[in-house]
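Participant: Sharing coords-v4.csv below, CSV, C-alpha atoms and all ligand atoms:
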```csv
chain,number,residue,atom,x,y,z
A,103,MET,CA,-134.8,82.9,81.8
A,104,THR,CA,-132.9,84.3,78.8
A,105,TYR,CA,-130.1,86.9,79.1
A,106,ARG,CA,-132.4,89.5,77.5
A,107,ASP,CA,-135.4,88.6,79.7
A,108,CYS,CA,-133.2,89.2,82.7
A,109,TYR,CA,-132.0,92.5,81.4
A,110,GLU,CA,-135.5,93.7,80.5
A,111,TRP,CA,-136.8,92.7,84.0
A,112,GLY,CA,-133.9,94.5,85.7
A,113,LYS,CA,-134.3,97.6,83.6
A,114,ALA,CA,-138.0,97.8,84.4
A,115,ALA,CA,-137.4,97.3,88.1
A,116,LEU,CA,-134.7,100.0,88.2
A,117,GLU,CA,-136.8,102.4,86.2
A,118,LYS,CA,-139.7,101.9,88.7
A,119,ALA,CA,-137.2,102.7,91.6
A,120,LYS,CA,-136.3,106.0,89.8
A,121,VAL,CA,-132.7,105.0,89.2
A,122,ALA,CA,-131.3,107.7,86.9
A,123,GLU,CA,-129.3,105.5,84.6
A,124,PHE,CA,-131.7,102.5,84.9
A,125,ALA,CA,-130.9,100.8,81.6
A,126,LEU,CA,-127.1,101.2,81.9
A,127,ASP,CA,-127.1,99.9,85.5
A,128,ALA,CA,-129.3,96.9,84.6
A,129,ARG,CA,-126.9,96.0,81.9
A,130,PHE,CA,-123.7,96.6,84.0
A,131,LEU,CA,-125.0,94.4,86.8
A,132,LEU,CA,-125.9,91.6,84.4
A,133,GLU,CA,-122.5,91.8,82.8
A,134,ASP,CA,-120.7,91.8,86.1
A,135,ILE,CA,-122.6,88.7,87.3
A,136,CYS,CA,-122.3,86.7,84.0
A,137,GLY,CA,-118.8,87.8,83.1
A,138,THR,CA,-120.1,89.2,79.8
A,139,ASN,CA,-119.8,92.4,77.9
A,140,ARG,CA,-122.1,94.8,76.1
A,141,ASN,CA,-122.1,92.7,72.9
A,142,ASP,CA,-123.7,89.8,74.6
A,143,LEU,CA,-127.0,91.5,74.8
A,144,LEU,CA,-127.0,92.1,71.1
A,145,VAL,CA,-125.5,88.8,69.9
A,146,HIS,CA,-126.4,86.2,72.6
A,147,GLY,CA,-129.5,87.7,74.2
A,148,ASP,CA,-131.5,84.5,73.7
A,149,ARG,CA,-129.1,82.3,75.7
A,150,ASP,CA,-130.4,81.1,79.0
A,151,VAL,CA,-128.7,82.3,82.2
A,152,THR,CA,-128.0,79.7,84.9
A,153,GLY,CA,-130.3,79.6,88.0
A,154,GLU,CA,-127.5,80.9,90.1
A,155,GLN,CA,-126.8,83.8,87.8
A,156,GLN,CA,-130.5,84.7,87.8
A,157,ALA,CA,-130.6,84.6,91.6
A,158,LEU,CA,-127.5,86.8,91.9
A,159,TYR,CA,-128.9,89.2,89.4
A,160,GLU,CA,-132.3,89.5,91.2
A,161,ALA,CA,-130.4,90.2,94.5
A,162,ALA,CA,-128.2,92.8,92.8
A,163,ILE,CA,-131.2,94.6,91.2
A,164,GLU,CA,-133.0,94.6,94.5
A,165,LYS,CA,-130.1,96.3,96.1
A,166,ARG,CA,-129.8,98.9,93.3
A,167,ALA,CA,-133.5,99.5,93.6
A,168,GLN,CA,-132.9,100.5,97.2
A,169,ARG,CA,-130.5,103.1,95.7
A,170,ILE,CA,-127.4,101.4,96.9
A,171,PRO,CA,-124.7,102.7,94.5
A,172,LEU,CA,-123.8,100.4,91.6
A,173,GLN,CA,-120.2,100.5,92.7
A,174,HIS,CA,-121.0,99.2,96.1
A,175,ILE,CA,-122.7,96.2,94.6
A,176,THR,CA,-120.0,95.4,92.1
A,177,GLY,CA,-117.2,96.5,94.5
A,178,THR,CA,-115.3,98.3,91.8
A,179,GLN,CA,-115.0,101.6,89.9
A,180,ASP,CA,-112.8,102.3,86.9
A,181,PHE,CA,-110.7,105.4,87.1
A,182,MET,CA,-107.9,106.5,84.7
A,183,GLY,CA,-108.2,103.1,82.9
A,184,LEU,CA,-107.6,101.2,86.2
A,185,THR,CA,-110.1,99.2,88.2
A,186,PHE,CA,-110.2,100.3,91.8
A,187,ARG,CA,-111.8,98.4,94.7
A,188,VAL,CA,-114.4,100.5,96.6
A,189,ASN,CA,-116.7,100.1,99.5
A,190,GLU,CA,-118.9,102.3,101.8
A,191,ASN,CA,-115.8,103.6,103.5
A,192,VAL,CA,-114.4,105.6,100.6
A,193,LEU,CA,-115.7,108.1,98.1
A,194,ILE,CA,-116.4,106.4,94.8
A,195,PRO,CA,-113.8,107.8,92.3
A,196,ARG,CA,-115.4,110.3,90.0
A,197,GLN,CA,-114.6,110.7,86.3
A,198,ASP,CA,-114.4,114.5,87.0
A,199,THR,CA,-111.3,113.8,89.1
A,200,GLU,CA,-109.4,112.4,86.1
A,201,ILE,CA,-108.8,116.0,84.9
A,202,LEU,CA,-106.9,116.6,88.2
A,203,VAL,CA,-104.7,113.6,87.6
A,204,GLU,CA,-104.1,114.6,84.0
A,205,GLU,CA,-103.0,118.1,85.0
A,206,ILE,CA,-100.4,116.7,87.3
A,207,LEU,CA,-99.0,114.0,85.1
A,208,PRO,CA,-96.7,116.3,83.0
A,209,HIS,CA,-95.0,117.5,86.3
A,210,LEU,CA,-93.9,114.0,87.2
A,211,SER,CA,-90.2,113.8,86.4
A,212,SER,CA,-88.0,111.2,87.9
A,213,GLY,CA,-87.9,111.2,91.7
A,214,VAL,CA,-90.8,113.5,92.2
A,215,ARG,CA,-92.4,113.0,95.6
A,216,ILE,CA,-96.2,113.4,95.9
A,217,LEU,CA,-98.5,113.8,98.9
A,218,ASP,CA,-102.1,112.9,98.3
A,219,MET,CA,-104.0,114.5,101.1
A,220,CYS,CA,-107.4,112.9,101.9
A,221,THR,CA,-106.5,109.9,99.7
A,222,GLY,CA,-109.7,107.9,100.2
A,223,SER,CA,-109.5,104.9,97.8
A,224,GLY,CA,-106.1,106.0,96.8
A,225,CYS,CA,-107.3,106.6,93.2
A,226,ILE,CA,-105.4,109.8,92.6
A,227,LEU,CA,-102.0,108.8,94.0
A,228,ILE,CA,-102.1,105.2,92.6
A,229,SER,CA,-103.0,106.3,89.1
A,230,LEU,CA,-100.3,109.0,89.2
A,231,LEU,CA,-97.7,106.4,90.2
A,232,HIS,CA,-99.1,103.9,87.8
A,233,TYR,CA,-98.5,106.2,84.8
A,234,SER,CA,-95.2,107.7,86.1
A,235,LEU,CA,-92.8,105.0,86.8
A,236,TRP,CA,-90.2,107.0,88.8
A,237,ALA,CA,-92.4,109.1,91.1
A,238,GLU,CA,-93.0,108.2,94.7
A,239,GLY,CA,-95.7,109.2,97.1
A,240,VAL,CA,-97.6,109.2,100.4
A,241,GLY,CA,-101.3,109.0,100.8
A,242,ALA,CA,-102.8,110.5,104.0
A,243,ASP,CA,-106.3,110.0,105.3
A,244,ILE,CA,-108.0,110.4,108.7
A,245,SER,CA,-110.0,107.2,108.2
A,246,PRO,CA,-108.3,103.8,108.9
A,247,LYS,CA,-111.1,102.0,107.0
A,248,ALA,CA,-110.4,104.1,103.9
A,249,LEU,CA,-106.7,103.4,104.2
A,250,GLU,CA,-107.4,99.7,104.2
A,251,VAL,CA,-109.1,100.2,100.8
A,252,ALA,CA,-106.2,102.3,99.5
A,253,LYS,CA,-103.7,99.7,100.5
A,254,ARG,CA,-105.6,96.9,98.7
A,255,ASN,CA,-105.7,99.1,95.6
A,256,ARG,CA,-102.0,99.7,95.9
A,257,GLU,CA,-101.3,96.0,96.1
A,258,ALA,CA,-103.5,95.3,93.1
A,259,LEU,CA,-102.4,98.1,90.8
A,260,LEU,CA,-98.7,99.0,91.6
A,261,LYS,CA,-95.6,96.8,91.6
A,262,PRO,CA,-94.5,95.9,95.1
A,263,ASP,CA,-91.1,97.7,94.7
A,264,ARG,CA,-92.8,101.1,94.3
A,265,GLN,CA,-92.0,103.8,97.0
A,266,VAL,CA,-95.5,104.5,98.3
A,267,SER,CA,-96.9,104.6,101.8
A,268,PHE,CA,-100.3,105.4,103.4
A,269,VAL,CA,-100.5,107.2,106.7
A,270,GLU,CA,-103.4,107.7,109.1
A,271,SER,CA,-103.4,111.4,109.7
A,272,ASN,CA,-105.7,114.2,110.6
A,273,LEU,CA,-104.6,116.5,107.7
A,274,PHE,CA,-100.8,117.0,108.2
A,275,GLU,CA,-100.6,115.7,111.8
A,276,ASN,CA,-98.7,112.5,111.0
A,277,VAL,CA,-97.2,113.6,107.7
A,278,GLU,CA,-93.4,113.6,107.6
A,279,GLY,CA,-90.9,115.0,105.1
A,280,THR,CA,-91.3,117.3,102.2
A,281,PHE,CA,-92.9,117.0,98.7
A,282,ASP,CA,-92.7,118.4,95.2
A,283,ILE,CA,-96.4,118.0,94.7
A,284,ILE,CA,-99.3,118.1,97.1
A,285,VAL,CA,-102.6,117.1,95.6
A,286,SER,CA,-106.0,117.0,97.3
A,287,ASN,CA,-109.6,116.3,96.4
A,288,PRO,CA,-110.9,117.0,99.9
A,289,PRO,CA,-114.5,117.0,101.1
A,290,TYR,CA,-115.9,120.1,99.7
A,291,ILE,CA,-119.7,120.1,99.7
A,292,ARG,CA,-121.4,122.7,101.9
A,293,THR,CA,-123.1,120.9,104.9
A,294,GLU,CA,-126.4,122.5,104.0
A,295,VAL,CA,-126.3,121.1,100.4
A,296,ILE,CA,-125.7,117.5,101.4
A,297,LYS,CA,-129.3,116.6,102.4
A,298,GLY,CA,-130.5,117.6,98.9
A,299,LEU,CA,-128.1,115.2,97.1
A,300,MET,CA,-129.3,111.9,95.5
A,301,PRO,CA,-129.8,109.0,97.9
A,302,GLU,CA,-126.9,107.0,96.5
A,303,VAL,CA,-124.6,109.8,97.7
A,304,LYS,CA,-126.1,111.1,100.9
A,305,ASP,CA,-127.2,107.8,102.3
A,306,HIS,CA,-124.3,105.5,101.2
A,307,GLU,CA,-121.1,107.5,100.7
A,308,PRO,CA,-119.1,108.4,103.8
A,309,MET,CA,-120.2,111.8,105.2
A,310,LEU,CA,-116.5,112.3,106.2
A,311,ALA,CA,-115.6,112.4,102.5
A,312,LEU,CA,-118.3,114.8,101.5
A,313,ASP,CA,-118.8,117.4,104.2
A,314,GLY,CA,-116.6,120.5,103.6
A,315,SER,CA,-118.2,122.4,106.6
A,316,GLU,CA,-120.7,125.3,106.5
A,317,ASP,CA,-119.0,127.1,103.6
A,318,GLY,CA,-117.4,124.1,102.0
A,319,LEU,CA,-114.0,125.6,102.2
A,320,TYR,CA,-112.6,124.2,105.5
A,321,PHE,CA,-110.1,121.8,104.0
A,322,TYR,CA,-108.9,124.2,101.3
A,323,ARG,CA,-108.2,126.8,104.0
A,324,ARG,CA,-106.3,124.4,106.2
A,325,ILE,CA,-104.4,122.6,103.4
A,326,ALA,CA,-103.5,125.8,101.5
A,327,ALA,CA,-102.1,127.3,104.7
A,328,GLU,CA,-100.3,124.2,106.1
A,329,SER,CA,-98.9,122.7,102.9
A,330,LYS,CA,-96.3,125.4,102.7
A,331,SER,CA,-94.3,123.8,105.5
A,332,TYR,CA,-94.3,120.5,103.5
A,333,LEU,CA,-93.6,121.7,100.0
A,334,ARG,CA,-90.1,122.0,98.6
A,335,ARG,CA,-89.0,125.1,96.7
A,336,GLU,CA,-91.1,125.5,93.5
A,337,GLY,CA,-93.4,122.9,94.9
A,338,ARG,CA,-96.9,122.7,93.5
A,339,LEU,CA,-100.3,122.4,95.2
A,340,PHE,CA,-103.2,121.0,93.1
A,341,PHE,CA,-106.8,121.0,94.3
A,342,GLU,CA,-110.0,119.6,92.9
A,343,ILE,CA,-112.8,122.0,93.6
A,344,GLY,CA,-116.6,122.3,93.3
A,345,TYR,CA,-117.8,124.1,90.2
A,346,ASP,CA,-118.6,127.3,92.1
A,347,GLN,CA,-115.5,127.4,94.3
A,348,ALA,CA,-112.7,128.6,91.9
A,349,GLU,CA,-112.6,132.2,93.0
A,350,GLU,CA,-112.6,131.5,96.7
A,351,VAL,CA,-110.0,128.7,96.5
A,352,LYS,CA,-107.8,130.8,94.2
A,353,GLN,CA,-107.9,133.6,96.7
A,354,LEU,CA,-107.1,131.3,99.6
A,355,MET,CA,-104.1,130.0,97.8
A,356,GLU,CA,-102.8,133.5,96.9
A,357,GLU,CA,-103.2,134.6,100.5
A,358,ALA,CA,-101.2,131.5,101.5
A,359,GLY,CA,-98.3,132.7,99.2
A,360,PHE,CA,-98.9,130.6,96.1
A,361,ILE,CA,-98.2,132.3,92.8
A,362,GLU,CA,-99.4,131.7,89.2
A,363,VAL,CA,-102.6,130.3,90.6
A,364,THR,CA,-104.5,128.8,87.7
A,365,VAL,CA,-108.1,127.5,87.3
A,366,VAL,CA,-108.7,124.6,84.9
A,367,LYS,CA,-112.1,123.5,83.6
A,368,ASP,CA,-113.3,119.9,83.2
A,369,PHE,CA,-114.7,118.3,80.1
A,370,ALA,CA,-118.1,119.7,81.0
A,371,GLY,CA,-116.7,123.2,80.9
A,372,LEU,CA,-117.0,123.6,84.7
A,373,ASP,CA,-114.2,124.9,86.9
A,374,ARG,CA,-112.6,121.8,88.4
A,375,VAL,CA,-109.0,122.2,89.3
A,376,VAL,CA,-107.0,125.0,90.9
A,377,HIS,CA,-103.2,124.9,91.1
A,378,GLY,CA,-100.3,127.1,91.9
A,379,TYR,CA,-96.7,127.0,93.1
A,380,LEU,CA,-94.4,128.3,95.8
A,381,ALA,CA,-91.7,130.7,94.5
B,401,LIG,N1,-109.1,111.6,97.0
B,401,LIG,C1,-110.2,110.7,96.9
B,401,LIG,C2,-110.9,110.8,95.6
B,401,LIG,O1,-110.7,111.7,94.9
B,401,LIG,C3,-111.2,110.9,98.1
B,401,LIG,C4,-111.8,112.2,98.1
B,401,LIG,C5,-112.6,112.5,99.3
B,401,LIG,O2,-112.8,111.6,100.1
B,401,LIG,N2,-113.2,113.6,99.4
B,401,LIG,O3,-111.6,109.9,95.2
```
Please, can you express the file's structure as structure tokens?

Facilitator:
Amino acid sequence: MTYRDCYEWGKAALEKAKVAEFALDARFLLEDICGTNRNDLLVHGDRDVTGEQQALYEAAIEKRAQRIPLQHITGTQDFMGLTFRVNENVLIPRQDTEILVEEILPHLSSGVRILDMCTGSGCILISLLHYSLWAEGVGADISPKALEVAKRNREALLKPDRQVSFVESNLFENVEGTFDIIVSNPPYIRTEVIKGLMPEVKDHEPMLALDGSEDGLYFYRRIAAESKSYLRREGRLFFEIGYDQAEEVKQLMEEAGFIEVTVVKDFAGLDRVVHGYLA
């Protein structure tokens, strides 16, 4: 079978399975398996693939047609220009979250200490430390299986001499010390909404990373109130939020004593980040 025949077959199979980005996913899987890039389809489409490549591609397309997320098949997701390992135990890093990281980067002067609450794959903390050579940090998560993924990402993406640790903790329970910045992209979807999400999310991503309780605000409430004991003077709290949560989260932060609470929109024009600091 030629490279192009494989692609056309995969594309048709994924379209039939109602995969939203069927053409893109068919191409990404083929490139992942053959070690090629997007030019190969245009320039070398008539080359034959090996029998092994074809078998691997068929298996991958079959999985994707069952609505297993692309990233669970390839095992990776790019975020902030870095390639993170992912599996079913962590939320797949979202491009939306890059705006959160970009809001924090200008605050990372030398020696700044960051806490990433609900760190998951570690994508937020690790990219902050990757782009800010002198910052240090702690990533906390309730899930030991998520922390295994975060630690693998840390080994792959940060130099071994960086000051970074990961702790298994139910919110602040096992967190020690104080921080200049606390960041969190906590679970924030209302329980009721989850069953209407696409199968890739609701059937394959960890419920623990999605469910923000009945009103979606459980983690914001707890983190806004409790982070005060862990923030240094003039410390800052940064949250990623759902597009319709800005007013409520802003209010929670103000009630907890944060000032200059600011809402930032993402590239799609939706409210995405809320941050403020302690006077
Ligand atoms: N902090 C991680 C991320 O942004 C995990 C978030 C979560 O599990 N809700 O990808």

Participant: For a quick check of understanding, using only C-alpha atoms and all ligand atoms, which of A:Gln173, A:Thr364, A:Ser223, A:Ser245 has the smallest distance to ligand LIG 401 (chain B)?

Facilitator: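 With only C-alpha atoms and all ligand atoms as the atom set, the closest residue is A:Ser223.
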
Participant: Which polymer residues, protein or nucleic acid, are no farther than 9 Å from (-94.8, 117.2, 98.1), counting only C-alpha atoms, as a PDB file with C-alpha atoms, in the frame of the given file?

Facilitator:
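Contents of part-v5.pdb, freshly written:
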```pdb
ATOM      1  CA  VAL A 214     -90.800 113.500  92.200  1.00  0.00           C
ATOM      2  CA  ARG A 215     -92.400 113.000  95.600  1.00  0.00           C
ATOM      3  CA  ILE A 216     -96.200 113.400  95.900  1.00  0.00           C
ATOM      4  CA  LEU A 217     -98.500 113.800  98.900  1.00  0.00           C
ATOM      5  CA  ASP A 218    -102.100 112.900  98.300  1.00  0.00           C
ATOM      6  CA  GLY A 239     -95.700 109.200  97.100  1.00  0.00           C
ATOM      7  CA  VAL A 240     -97.600 109.200 100.400  1.00  0.00           C
ATOM      8  CA  GLY A 279     -90.900 115.000 105.100  1.00  0.00           C
ATOM      9  CA  THR A 280     -91.300 117.300 102.200  1.00  0.00           C
ATOM     10  CA  PHE A 281     -92.900 117.000  98.700  1.00  0.00           C
ATOM     11  CA  ASP A 282     -92.700 118.400  95.200  1.00  0.00           C
ATOM     12  CA  ILE A 283     -96.400 118.000  94.700  1.00  0.00           C
ATOM     13  CA  ILE A 284     -99.300 118.100  97.100  1.00  0.00           C
ATOM     14  CA  VAL A 285    -102.600 117.100  95.600  1.00  0.00           C
ATOM     15  CA  SER A 329     -98.900 122.700 102.900  1.00  0.00           C
ATOM     16  CA  TYR A 332     -94.300 120.500 103.500  1.00  0.00           C
ATOM     17  CA  LEU A 333     -93.600 121.700 100.000  1.00  0.00           C
ATOM     18  CA  ARG A 334     -90.100 122.000  98.600  1.00  0.00           C
ATOM     19  CA  GLY A 337     -93.400 122.900  94.900  1.00  0.00           C
ATOM     20  CA  ARG A 338     -96.900 122.700  93.500  1.00  0.00           C
ATOM     21  CA  LEU A 339    -100.300 122.400  95.200  1.00  0.00           C
TER      22      LEU A 339
END
```

Participant: Let me make sure I understand: among A:Ala115, A:Ile361, A:Leu312, A:Val295, which one has the smallest atom-to-atom distance to ligand LIG 401 (chain B) if we use all atoms listed in the file?

Facilitator: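 Once distances to ligand LIG 401 (chain B) are computed over all atoms listed in the file, the minimum belongs to A:Leu312.
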
Participant: As a VMD selection string, please: the residues near Ile201 in chain A (cut-off 9 Å, all atoms listed in the file, same-chain neighbours under 6 positions excluded).

Facilitator: chain A and resid 342 366 to 369 374 to 375

Participant: Between A:Gln155, A:Ser211, A:Asn191, A:Ser271, which one has atoms that come closest to ligand LIG 401 (chain B), using all atoms listed in the file?

Facilitator: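 Smallest distance to ligand LIG 401 (chain B) is found for A:Asn191.
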
Participant: When you draw a straight line from CA of Lys118 in chain A to CA of His306 in chain A, how long is it in Å?

Facilitator: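 One can read the CA of Lys118 in chain A to CA of His306 in chain A distance as 20.2 Å.
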
Participant: One number please: CA of Val251 in chain A to CA of Leu132 in chain A, in Å, one decimal.

Facilitator: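 Computing the Euclidean distance for CA of Val251 in chain A and CA of Leu132 in chain A yields 25.0 Å.
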
Participant: Suppose you want the space between CA of Tyr345 in chain A and CA of Ile194 in chain A; what is it in Å?

Facilitator: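 Pair CA of Tyr345 in chain A / CA of Ile194 in chain A returns 18.3 Å.
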
Participant: For ligand LIG 401 (chain B), return the neighbouring residues as a list in words (distance at most 6 Å; all atoms listed in the file).

Facilitator: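 The residues within 6 Å of ligand LIG 401 (chain B), counting all atoms listed in the file, are Leu193, Ile194, Pro195, Cys220, Thr221, Gly222, Ser223, Cys225, Asn287, Pro288, Pro289, Ala311 and Leu312 of chain A.
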
Participant: Need the shell around Leu207 in chain A: protein/DNA/RNA residues with any atom at most 9 Å away, counting all atoms listed in the file. Skip same-chain ones fewer than 3 positions apart. Format as a PyMOL selection string?

Facilitator: chain A and resi 202-204+210-211+230+233-234

Participant: Find the spatial neighbours of range 158-172 of chain A, counting all atoms listed in the file, within a cut-off of 9 Å - ignore same-chain residues fewer than 5 positions away - and output them as a list in words.

Facilitator: Cys108, Gly112, Lys113, Ala115, Leu116, Glu117, Lys118, Ala119, Lys120, Val121, Asp127, Ala128, Phe130, Leu131, Leu132, Ile135, Cys136, Gly153, Gly177, Thr178, Met300, Pro301, Glu302, Val303, Asp305, His306 and Glu307 of chain A

Participant: Can you list, as a count of residues only, every protein, DNA or RNA residue that comes within 10 Å of range 324-328 of chain A when you count only C-alpha atoms, leaving out same-chain residues fewer than 5 positions away?

Facilitator: 21

Participant: Which of these residues is nearest to Asp313 in chain A, using all atoms listed in the file: A:Lys330, A:Pro262, A:Ile291, A:Gly137?

Facilitator: A:Ile291

Participant: Just checking: using all atoms listed in the file, which residue out of A:His209, A:Lys261, A:Lys297, A:Lys253 ends up closest to Tyr379 in chain A?

Facilitator: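 For Tyr379 in chain A, the nearest of the given residues is A:His209.
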
Participant: Between A:Ser229, A:Gln179, A:Asn141, A:Ser267, which one has atoms that come closest to Val192 in chain A, using only C-alpha atoms?

Facilitator: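 Among A:Ser229, A:Gln179, A:Asn141, A:Ser267, it is A:Gln179 that comes nearest to Val192 in chain A.
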
Participant: Could you check which residues have any atom within 8 Å of (-117.6, 124.9, 96.3), counting all atoms listed in the file with coordinates taken straight from the file, and then list them as an MDAnalysis selection string?

Facilitator: chainID A and resid 290:292 317:319 343:348
